[in-house]
Structures are given as structure tokens and as C-alpha cells.
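Data file: entry_28.cif. Format and content: mmCIF, C-alpha atoms and all ligand atoms.
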data_structure
#
loop_
_atom_site.group_PDB
_atom_site.id
_atom_site.type_symbol
_atom_site.label_atom_id
_atom_site.label_comp_id
_atom_site.auth_asym_id
_atom_site.auth_seq_id
_atom_site.Cartn_x
_atom_site.Cartn_y
_atom_site.Cartn_z
ATOM 1 C CA MET A 23 70.657 45.034 13.706
ATOM 2 C CA GLU A 24 70.423 41.294 13.059
ATOM 3 C CA LYS A 25 67.563 40.185 10.825
ATOM 4 C CA VAL A 26 66.081 36.698 11.060
ATOM 5 C CA ILE A 27 63.777 35.137 8.477
ATOM 6 C CA ARG A 28 61.436 32.418 9.714
ATOM 7 C CA TYR A 29 57.966 31.008 9.203
ATOM 8 C CA ALA A 30 55.028 32.578 11.005
ATOM 9 C CA SER A 31 53.311 30.450 13.635
ATOM 10 C CA GLU A 32 50.286 30.767 15.909
ATOM 11 C CA LYS A 33 52.529 32.464 18.473
ATOM 12 C CA ASN A 34 52.925 35.427 16.075
ATOM 13 C CA ILE A 35 49.215 36.242 15.677
ATOM 14 C CA GLU A 36 49.272 39.109 18.170
ATOM 15 C CA LEU A 37 52.401 40.620 16.574
ATOM 16 C CA LEU A 38 50.801 40.396 13.126
ATOM 17 C CA ILE A 39 47.566 41.997 14.322
ATOM 18 C CA ASN A 40 49.554 44.887 15.768
ATOM 19 C CA MET A 41 51.582 45.229 12.582
ATOM 20 C CA TYR A 42 48.381 45.475 10.514
ATOM 21 C CA LEU A 43 46.857 48.027 12.910
ATOM 22 C CA THR A 44 49.980 50.208 12.735
ATOM 23 C CA GLU A 45 50.958 49.752 9.093
ATOM 24 C CA VAL A 46 47.701 49.221 7.200
ATOM 25 C CA GLU A 47 44.604 50.511 8.991
ATOM 26 C CA ASN A 48 43.028 50.756 12.414
ATOM 27 C CA HIS A 49 40.434 48.006 11.939
ATOM 28 C CA TYR A 50 40.679 45.162 14.462
ATOM 29 C CA GLN A 51 38.392 42.653 12.694
ATOM 30 C CA ARG A 52 40.312 42.881 9.412
ATOM 31 C CA ALA A 53 43.633 42.854 11.284
ATOM 32 C CA LYS A 54 42.627 39.576 12.944
ATOM 33 C CA GLU A 55 41.544 38.034 9.621
ATOM 34 C CA PHE A 56 44.815 39.159 8.034
ATOM 35 C CA ALA A 57 46.876 37.584 10.836
ATOM 36 C CA LYS A 58 44.897 34.324 10.782
ATOM 37 C CA ASP A 59 45.182 34.019 6.990
ATOM 38 C CA LEU A 60 48.936 34.539 7.136
ATOM 39 C CA VAL A 61 49.390 31.895 9.804
ATOM 40 C CA PHE A 62 46.751 29.269 8.979
ATOM 41 C CA LYS A 63 45.933 29.583 5.264
ATOM 42 C CA LEU A 64 49.266 30.541 3.708
ATOM 43 C CA LYS A 65 52.951 29.918 4.042
ATOM 44 C CA THR A 66 54.266 33.148 5.530
ATOM 45 C CA LEU A 67 57.868 34.150 6.081
ATOM 46 C CA LEU A 68 58.561 36.879 8.603
ATOM 47 C CA CYS A 69 61.550 39.186 8.807
ATOM 48 C CA ILE A 70 62.209 39.769 12.486
ATOM 49 C CA THR A 71 64.564 42.166 14.172
ATOM 50 C CA ASP A 72 64.693 42.956 17.839
ATOM 51 C CA GLU A 73 61.580 40.774 18.391
ATOM 52 C CA ASN A 74 59.538 42.921 15.980
ATOM 53 C CA VAL A 75 58.032 41.756 12.704
ATOM 54 C CA ILE A 76 59.312 44.233 10.119
ATOM 55 C CA GLY A 77 58.253 42.447 6.940
ATOM 56 C CA THR A 78 56.181 39.535 5.682
ATOM 57 C CA VAL A 79 55.793 37.558 2.480
ATOM 58 C CA SER A 80 53.026 34.999 1.969
ATOM 59 C CA TRP A 81 52.874 32.303 -0.693
ATOM 60 C CA ASP A 82 51.488 28.922 -1.618
ATOM 61 C CA SER A 83 51.707 26.395 -4.415
ATOM 62 C CA ARG A 84 48.921 26.277 -7.001
ATOM 63 C CA GLY A 85 47.792 23.240 -8.965
ATOM 64 C CA GLY A 86 49.654 19.949 -8.867
ATOM 65 C CA LEU A 87 53.272 19.550 -7.780
ATOM 66 C CA ASN A 88 54.224 18.807 -11.399
ATOM 67 C CA ASP A 89 53.012 22.302 -12.408
ATOM 68 C CA GLY A 90 55.711 23.855 -10.218
ATOM 69 C CA VAL A 91 53.623 26.989 -9.752
ATOM 70 C CA VAL A 92 53.684 29.355 -6.769
ATOM 71 C CA GLU A 93 51.454 32.347 -6.120
ATOM 72 C CA LEU A 94 53.016 35.171 -4.164
ATOM 73 C CA VAL A 95 49.951 36.341 -2.261
ATOM 74 C CA GLY A 96 51.233 39.282 -0.236
ATOM 75 C CA LEU A 97 54.381 41.228 0.574
ATOM 76 C CA GLY A 98 54.907 44.132 2.925
ATOM 77 C CA VAL A 99 57.691 45.894 4.802
ATOM 78 C CA ASN A 100 57.036 48.295 7.683
ATOM 79 C CA SER A 101 57.294 51.865 6.467
ATOM 80 C CA SER A 102 60.233 52.789 8.715
ATOM 81 C CA PHE A 103 62.320 49.846 7.409
ATOM 82 C CA ARG A 104 61.858 50.331 3.675
ATOM 83 C CA ARG A 105 64.688 50.716 1.124
ATOM 84 C CA GLN A 106 66.990 48.523 3.205
ATOM 85 C CA GLY A 107 66.694 45.413 1.056
ATOM 86 C CA ILE A 108 64.229 43.637 3.366
ATOM 87 C CA ALA A 109 61.593 42.862 0.712
ATOM 88 C CA LYS A 110 64.344 41.622 -1.587
ATOM 89 C CA LEU A 111 65.629 39.376 1.209
ATOM 90 C CA LEU A 112 62.092 38.048 1.773
ATOM 91 C CA ILE A 113 61.623 37.246 -1.926
ATOM 92 C CA ILE A 114 65.001 35.504 -2.118
ATOM 93 C CA SER A 115 64.005 33.471 0.963
ATOM 94 C CA LEU A 116 60.630 32.627 -0.619
ATOM 95 C CA ILE A 117 62.379 31.426 -3.786
ATOM 96 C CA ASN A 118 64.689 29.198 -1.727
ATOM 97 C CA GLU A 119 61.781 27.823 0.309
ATOM 98 C CA ALA A 120 59.667 27.183 -2.809
ATOM 99 C CA LYS A 121 62.590 25.365 -4.456
ATOM 100 C CA LYS A 122 62.928 23.175 -1.348
ATOM 101 C CA PHE A 123 59.161 22.600 -1.259
ATOM 102 C CA PHE A 124 59.080 21.156 -4.778
ATOM 103 C CA SER A 125 62.412 19.346 -4.698
ATOM 104 C CA ALA A 126 61.414 17.467 -1.514
ATOM 105 C CA ASP A 127 59.030 15.462 -3.736
ATOM 106 C CA GLY A 128 61.274 15.316 -6.798
ATOM 107 C CA TYR A 129 59.697 18.297 -8.603
ATOM 108 C CA LYS A 130 60.895 21.742 -9.631
ATOM 109 C CA LEU A 131 59.806 25.310 -9.023
ATOM 110 C CA ARG A 132 58.912 26.645 -12.500
ATOM 111 C CA VAL A 133 56.931 29.824 -11.993
ATOM 112 C CA ILE A 134 56.151 32.469 -9.393
ATOM 113 C CA TYR A 135 53.288 34.824 -10.201
ATOM 114 C CA LEU A 136 51.407 37.569 -8.406
ATOM 115 C CA PHE A 137 48.529 39.958 -8.922
ATOM 116 C CA MET A 138 49.163 43.635 -8.333
ATOM 117 C CA GLU A 139 47.337 46.938 -8.805
ATOM 118 C CA ARG A 140 48.135 48.333 -12.247
ATOM 119 C CA GLU A 141 48.975 51.781 -10.887
ATOM 120 C CA HIS A 142 51.342 50.508 -8.182
ATOM 121 C CA ARG A 143 54.461 52.437 -9.214
ATOM 122 C CA ILE A 144 56.780 51.216 -6.446
ATOM 123 C CA GLY A 145 55.567 47.623 -6.775
ATOM 124 C CA ARG A 146 56.376 47.706 -10.492
ATOM 125 C CA LEU A 147 59.907 48.999 -9.871
ATOM 126 C CA PHE A 148 60.432 46.459 -7.119
ATOM 127 C CA TYR A 149 59.344 43.355 -9.066
ATOM 128 C CA LYS A 150 61.072 44.481 -12.257
ATOM 129 C CA ASN A 151 64.289 44.859 -10.290
ATOM 130 C CA LEU A 152 63.924 41.219 -9.206
ATOM 131 C CA GLY A 153 63.459 39.878 -12.734
ATOM 132 C CA PHE A 154 59.663 39.581 -12.767
ATOM 133 C CA ARG A 155 57.802 40.763 -15.856
ATOM 134 C CA GLU A 156 54.308 42.007 -16.448
ATOM 135 C CA VAL A 157 52.375 39.606 -18.661
ATOM 136 C CA SER A 158 48.701 40.457 -18.480
ATOM 137 C CA ILE A 159 46.104 42.979 -17.426
ATOM 138 C CA ILE A 160 42.821 42.051 -15.774
ATOM 139 C CA PRO A 161 40.300 44.906 -16.075
ATOM 140 C CA ALA A 162 38.505 46.100 -12.908
ATOM 141 C CA PHE A 163 39.949 43.283 -10.811
ATOM 142 C CA TYR A 164 40.185 45.521 -7.749
ATOM 143 C CA PRO A 165 37.453 47.950 -6.673
ATOM 144 C CA ASP A 166 39.575 50.955 -7.715
ATOM 145 C CA ASP A 167 42.068 49.606 -10.229
ATOM 146 C CA ASP A 168 42.856 46.994 -12.858
ATOM 147 C CA ALA A 169 45.223 44.196 -11.898
ATOM 148 C CA THR A 170 48.384 43.171 -13.653
ATOM 149 C CA ILE A 171 49.951 39.742 -13.448
ATOM 150 C CA TRP A 172 53.700 39.663 -12.825
ATOM 151 C CA ILE A 173 55.634 36.484 -13.353
ATOM 152 C CA LYS A 174 59.100 35.021 -12.965
ATOM 153 C CA TYR A 175 60.184 31.760 -14.613
ATOM 154 C CA PHE A 176 62.888 29.445 -13.291
HETATM 155 C C1 LIG A 201 57.140 47.357 -2.188
HETATM 156 C C2 LIG A 201 57.827 47.107 -0.843
HETATM 157 C C3 LIG A 201 57.470 45.680 -0.346
HETATM 158 C C4 LIG A 201 59.355 47.207 -1.043
HETATM 159 O O1 LIG A 201 59.993 46.889 0.193
HETATM 160 P P1 LIG A 201 61.488 47.370 0.523
HETATM 161 O O2 LIG A 201 62.007 46.517 1.628
HETATM 162 O O3 LIG A 201 61.505 48.828 0.723
HETATM 163 O O4 LIG A 201 62.229 47.028 -0.858
HETATM 164 P P2 LIG A 201 63.802 46.783 -1.062
HETATM 165 O O5 LIG A 201 64.580 47.675 -0.157
HETATM 166 O O6 LIG A 201 64.089 45.307 -0.966
HETATM 167 O O7 LIG A 201 63.971 47.278 -2.574
HETATM 168 C C5 LIG A 201 64.609 46.527 -3.581
HETATM 169 C C6 LIG A 201 64.612 47.339 -4.868
HETATM 170 O O8 LIG A 201 63.262 47.624 -5.303
HETATM 171 C C7 LIG A 201 63.173 48.949 -5.853
HETATM 172 N N1 LIG A 201 62.397 49.832 -4.950
HETATM 173 C C8 LIG A 201 61.872 49.495 -3.746
HETATM 174 N N2 LIG A 201 61.208 50.556 -3.218
HETATM 175 C C9 LIG A 201 61.318 51.565 -4.093
HETATM 176 C C10 LIG A 201 60.869 52.911 -4.106
HETATM 177 N N3 LIG A 201 60.155 53.426 -3.073
HETATM 178 N N4 LIG A 201 61.153 53.687 -5.171
HETATM 179 C C11 LIG A 201 61.873 53.197 -6.214
HETATM 180 N N5 LIG A 201 62.353 51.915 -6.253
HETATM 181 C C12 LIG A 201 62.074 51.108 -5.215
HETATM 182 C C13 LIG A 201 64.616 49.442 -5.928
HETATM 183 O O9 LIG A 201 65.138 48.990 -7.153
HETATM 184 C C14 LIG A 201 65.250 48.698 -4.758
HETATM 185 O O10 LIG A 201 66.635 48.570 -4.866
HETATM 186 P P3 LIG A 201 67.600 49.777 -4.347
HETATM 187 O O11 LIG A 201 67.104 50.197 -2.983
HETATM 188 O O12 LIG A 201 68.948 49.139 -4.327
HETATM 189 O O13 LIG A 201 67.436 50.875 -5.366
HETATM 190 C C15 LIG A 201 57.410 48.173 0.223
HETATM 191 O O14 LIG A 201 57.498 49.459 -0.355
HETATM 192 C C16 LIG A 201 56.000 47.965 0.791
HETATM 193 O O15 LIG A 201 55.814 47.210 1.763
HETATM 194 N N6 LIG A 201 55.012 48.643 0.220
HETATM 195 C C17 LIG A 201 53.597 48.480 0.672
HETATM 196 C C18 LIG A 201 53.025 47.114 0.369
HETATM 197 C C19 LIG A 201 53.236 46.721 -1.087
HETATM 198 O O16 LIG A 201 53.157 47.555 -1.961
HETATM 199 N N7 LIG A 201 53.540 45.424 -1.362
HETATM 200 C C20 LIG A 201 53.929 44.971 -2.729
HETATM 201 C C21 LIG A 201 52.803 44.750 -3.639
HETATM 202 S S1 LIG A 201 52.200 43.088 -3.479
#

Please, can you express the file's structure as C-alpha cells?
Amino acid sequence: MEKVIRYASEKNIELLINMYLTEVENHYQRAKEFAKDLVFKLKTLLCITDENVIGTVSWDSRGGLNDGVVELVGLGVNSSFRRQGIAKLLIISLINEAKKFFSADGYKLRVIYLFMEREHRIGRLFYKNLGFREVSIIPAFYPDDDATIWIKYF
């Protein structure tokens, strides 16, 4: 099946709400907040196949353009499409988009970082595989876990 990567827009809100309700939890209010954040507050790339959203990655720059810093805020692939390289494809697309974002103004992407639960076994394997490394632990950052910061330099 053909996979298309493109930015989320207001037209995708309903699709994103449904994805949250199916993949994360059955809570409409939080699903709506999630969808609105992805579309209006962050830069969000969608992986679409057959008119369904099967994965998302959200990011934004942090600090000044000369810092060249990006935070990867969220990444998810629908459970029935995992282990097919979709998250990897989304991260590669994010890297390309972030490079374009900075170079448009004569700057460079230097760093991508993210916060993740310390005990997230699959997340660790995934980011390690993509050349990120764990640099710091933040105690009790989440209600039920510490956070770790993962980072990739360019
Ligand atoms: C983590 C997540 C995004 C990975 O998505 P995915 O599309 O299945 O990942 P990919 O197929 O691109 O995997 C790339 C590589 O990561 C590693 N990996 C991914 N999932 C793995 C798993 N379940 N077990 C072991 N290694 C795994 C492997 O090295 C894999 O390469 P391989 O399949 O050639 O061995 C997905 O499991 C997910 O959405 N989880 C819930 C949300 C989440 O945890 N988000 C990330 C934290 S911010």
C-alpha cells in the first residue's frame, strides 16, 4: 500500500480524534485537545495510507534559529502498522523538514532532542537504532516514571 507523508491541517482534526480514541484511550475531551495541539500548536507530519492516518510525529524549534534546536514532542504508529518502518520513515521526514526549516533562513539543524519515560523499552530500542543517545535523567518527571532525554546531533 502506498504511504504518503504530509503535514497535518485543520481538515485532519476528525481523523486525529478518531485515531486517539482507537489507539490511546476512549476519552473524547483529551482526544480533541490532542488533535488540536497537533494541528495548531505543533508541526505535525502524518503518515497516510488508504485515507487513514497510521502514524504521526510532532515537532517544533526551540530557542532562536541560531541555536538550531528541535524538540521532538510526540511520535506514534497505529498498533496494527508497527514494525513496518513507519516511525523510522516519519523521523527521517522530520529530519529533512527540520533541515529545510533552518536552511530557509541560512541556519542549520544542530540538535534534535526528546523526553521519554525511563522504562520505555521499545522507545529506547527505537531511538538508539536511529542514532539518538540518552544523555540525562530527570527524576519524577512523569506521574509514574522518571524521564530520560534522548538527543541526536547533526
Ligand atoms: C515506538 C514506535 C513509534 C515504533 O514505531 P514502528 O513504526 O513500529 O517502528 P519501526 O518499524 O520504524 O522500527 C524501527 C526500528 O526500531 C526498533 N523497534 C521498533 N519497535 C520495536 C519493538 N517492538 N521491539 C524491538 N525493537 C523495535 C527496531 O530496531 C526497528 O527496526 P527493525 O524492525 O528493522 O528491527 C511504536 O511502537 C509506537 O507508536 N509506540 C507507542 C507510542 C510510543 O511509544 N512513541 C515513542 C515514544 S515518544

**Q.** Selection result of the PyMOL selection byres (((chain A and resi 96) around 9) and not hetatm) on this file, as a PyMOL selection string
**A.** chain A and resi 66+78-81+94-95+97-98+136

Q. If you apply the PyMOL selection byres (((chain A and resi 120) around 10) and not hetatm) to this file, what residues do you get, as a list in words?
A.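 Taken over the shown coordinates, the PyMOL selection byres (((chain A and resi 120) around 10) and not hetatm) returns Lys65, Trp81, Asp82, Ser83, Gly90, Val91, Val92, Ile114, Ser115, Leu116, Ile117, Asn118, Glu119, Lys121, Lys122, Phe123, Phe124, Ser125, Ala126, Lys130, Leu131, Arg132, Val133 and Ile134 of chain A.
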
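Around ligand LIG 201 (chain A), using all atoms listed in the file and a cut-off of 7 Å, the residues in contact are Gly96, Leu97, Gly98, Val99, Asn100, Ser101, Phe103, Arg104, Arg105, Gln106, Gly107, Ile108, Ala109, Lys110, Leu111, Met138, Ile144, Gly145, Leu147, Phe148, Tyr149 and Asn151 of chain A.
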
Q | Answer key for the PyMOL selection byres (((chain A and resi 24-41) around 6) and not hetatm), residues as a list in words | A |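 Output from the PyMOL selection byres (((chain A and resi 24-41) around 6) and not hetatm), applied to this file: Met23, Tyr42, Leu43, Thr44, Glu45, Ala53, Lys54, Ala57, Val61, Thr66, Leu67, Leu68, Cys69, Ile70 and Thr71 of chain A.
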
Kindly save the residues from that selection, with C-alpha atoms included, as a PDB file, keeping the file's coordinate frame.
ATOM      1  CA  MET A  23      70.657  45.034  13.706  1.00  0.00           C
ATOM      2  CA  TYR A  42      48.381  45.475  10.514  1.00  0.00           C
ATOM      3  CA  LEU A  43      46.857  48.027  12.910  1.00  0.00           C
ATOM      4  CA  THR A  44      49.980  50.208  12.735  1.00  0.00           C
ATOM      5  CA  GLU A  45      50.958  49.752   9.093  1.00  0.00           C
ATOM      6  CA  ALA A  53      43.633  42.854  11.284  1.00  0.00           C
ATOM      7  CA  LYS A  54      42.627  39.576  12.944  1.00  0.00           C
ATOM      8  CA  ALA A  57      46.876  37.584  10.836  1.00  0.00           C
ATOM      9  CA  VAL A  61      49.390  31.895   9.804  1.00  0.00           C
ATOM     10  CA  THR A  66      54.266  33.148   5.530  1.00  0.00           C
ATOM     11  CA  LEU A  67      57.868  34.150   6.081  1.00  0.00           C
ATOM     12  CA  LEU A  68      58.561  36.879   8.603  1.00  0.00           C
ATOM     13  CA  CYS A  69      61.550  39.186   8.807  1.00  0.00           C
ATOM     14  CA  ILE A  70      62.209  39.769  12.486  1.00  0.00           C
ATOM     15  CA  THR A  71      64.564  42.166  14.172  1.00  0.00           C
TER      16      THR A  71
END

Q: In Å, rounded to a single decimal, give me how far CA of Val157 (chain A) is from CA of Phe137 (chain A).
A: 10.5 Å

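The spacing separating CA of Gly128 (chain A) from CA of Leu112 (chain A) amounts to 24.3 Å.
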
Q) Quick one: distance from CA of Gln51 (chain A) to CA of Tyr135 (chain A) in Å, one decimal? A)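 Between CA of Gln51 (chain A) and CA of Tyr135 (chain A) the gap works out to 28.4 Å.
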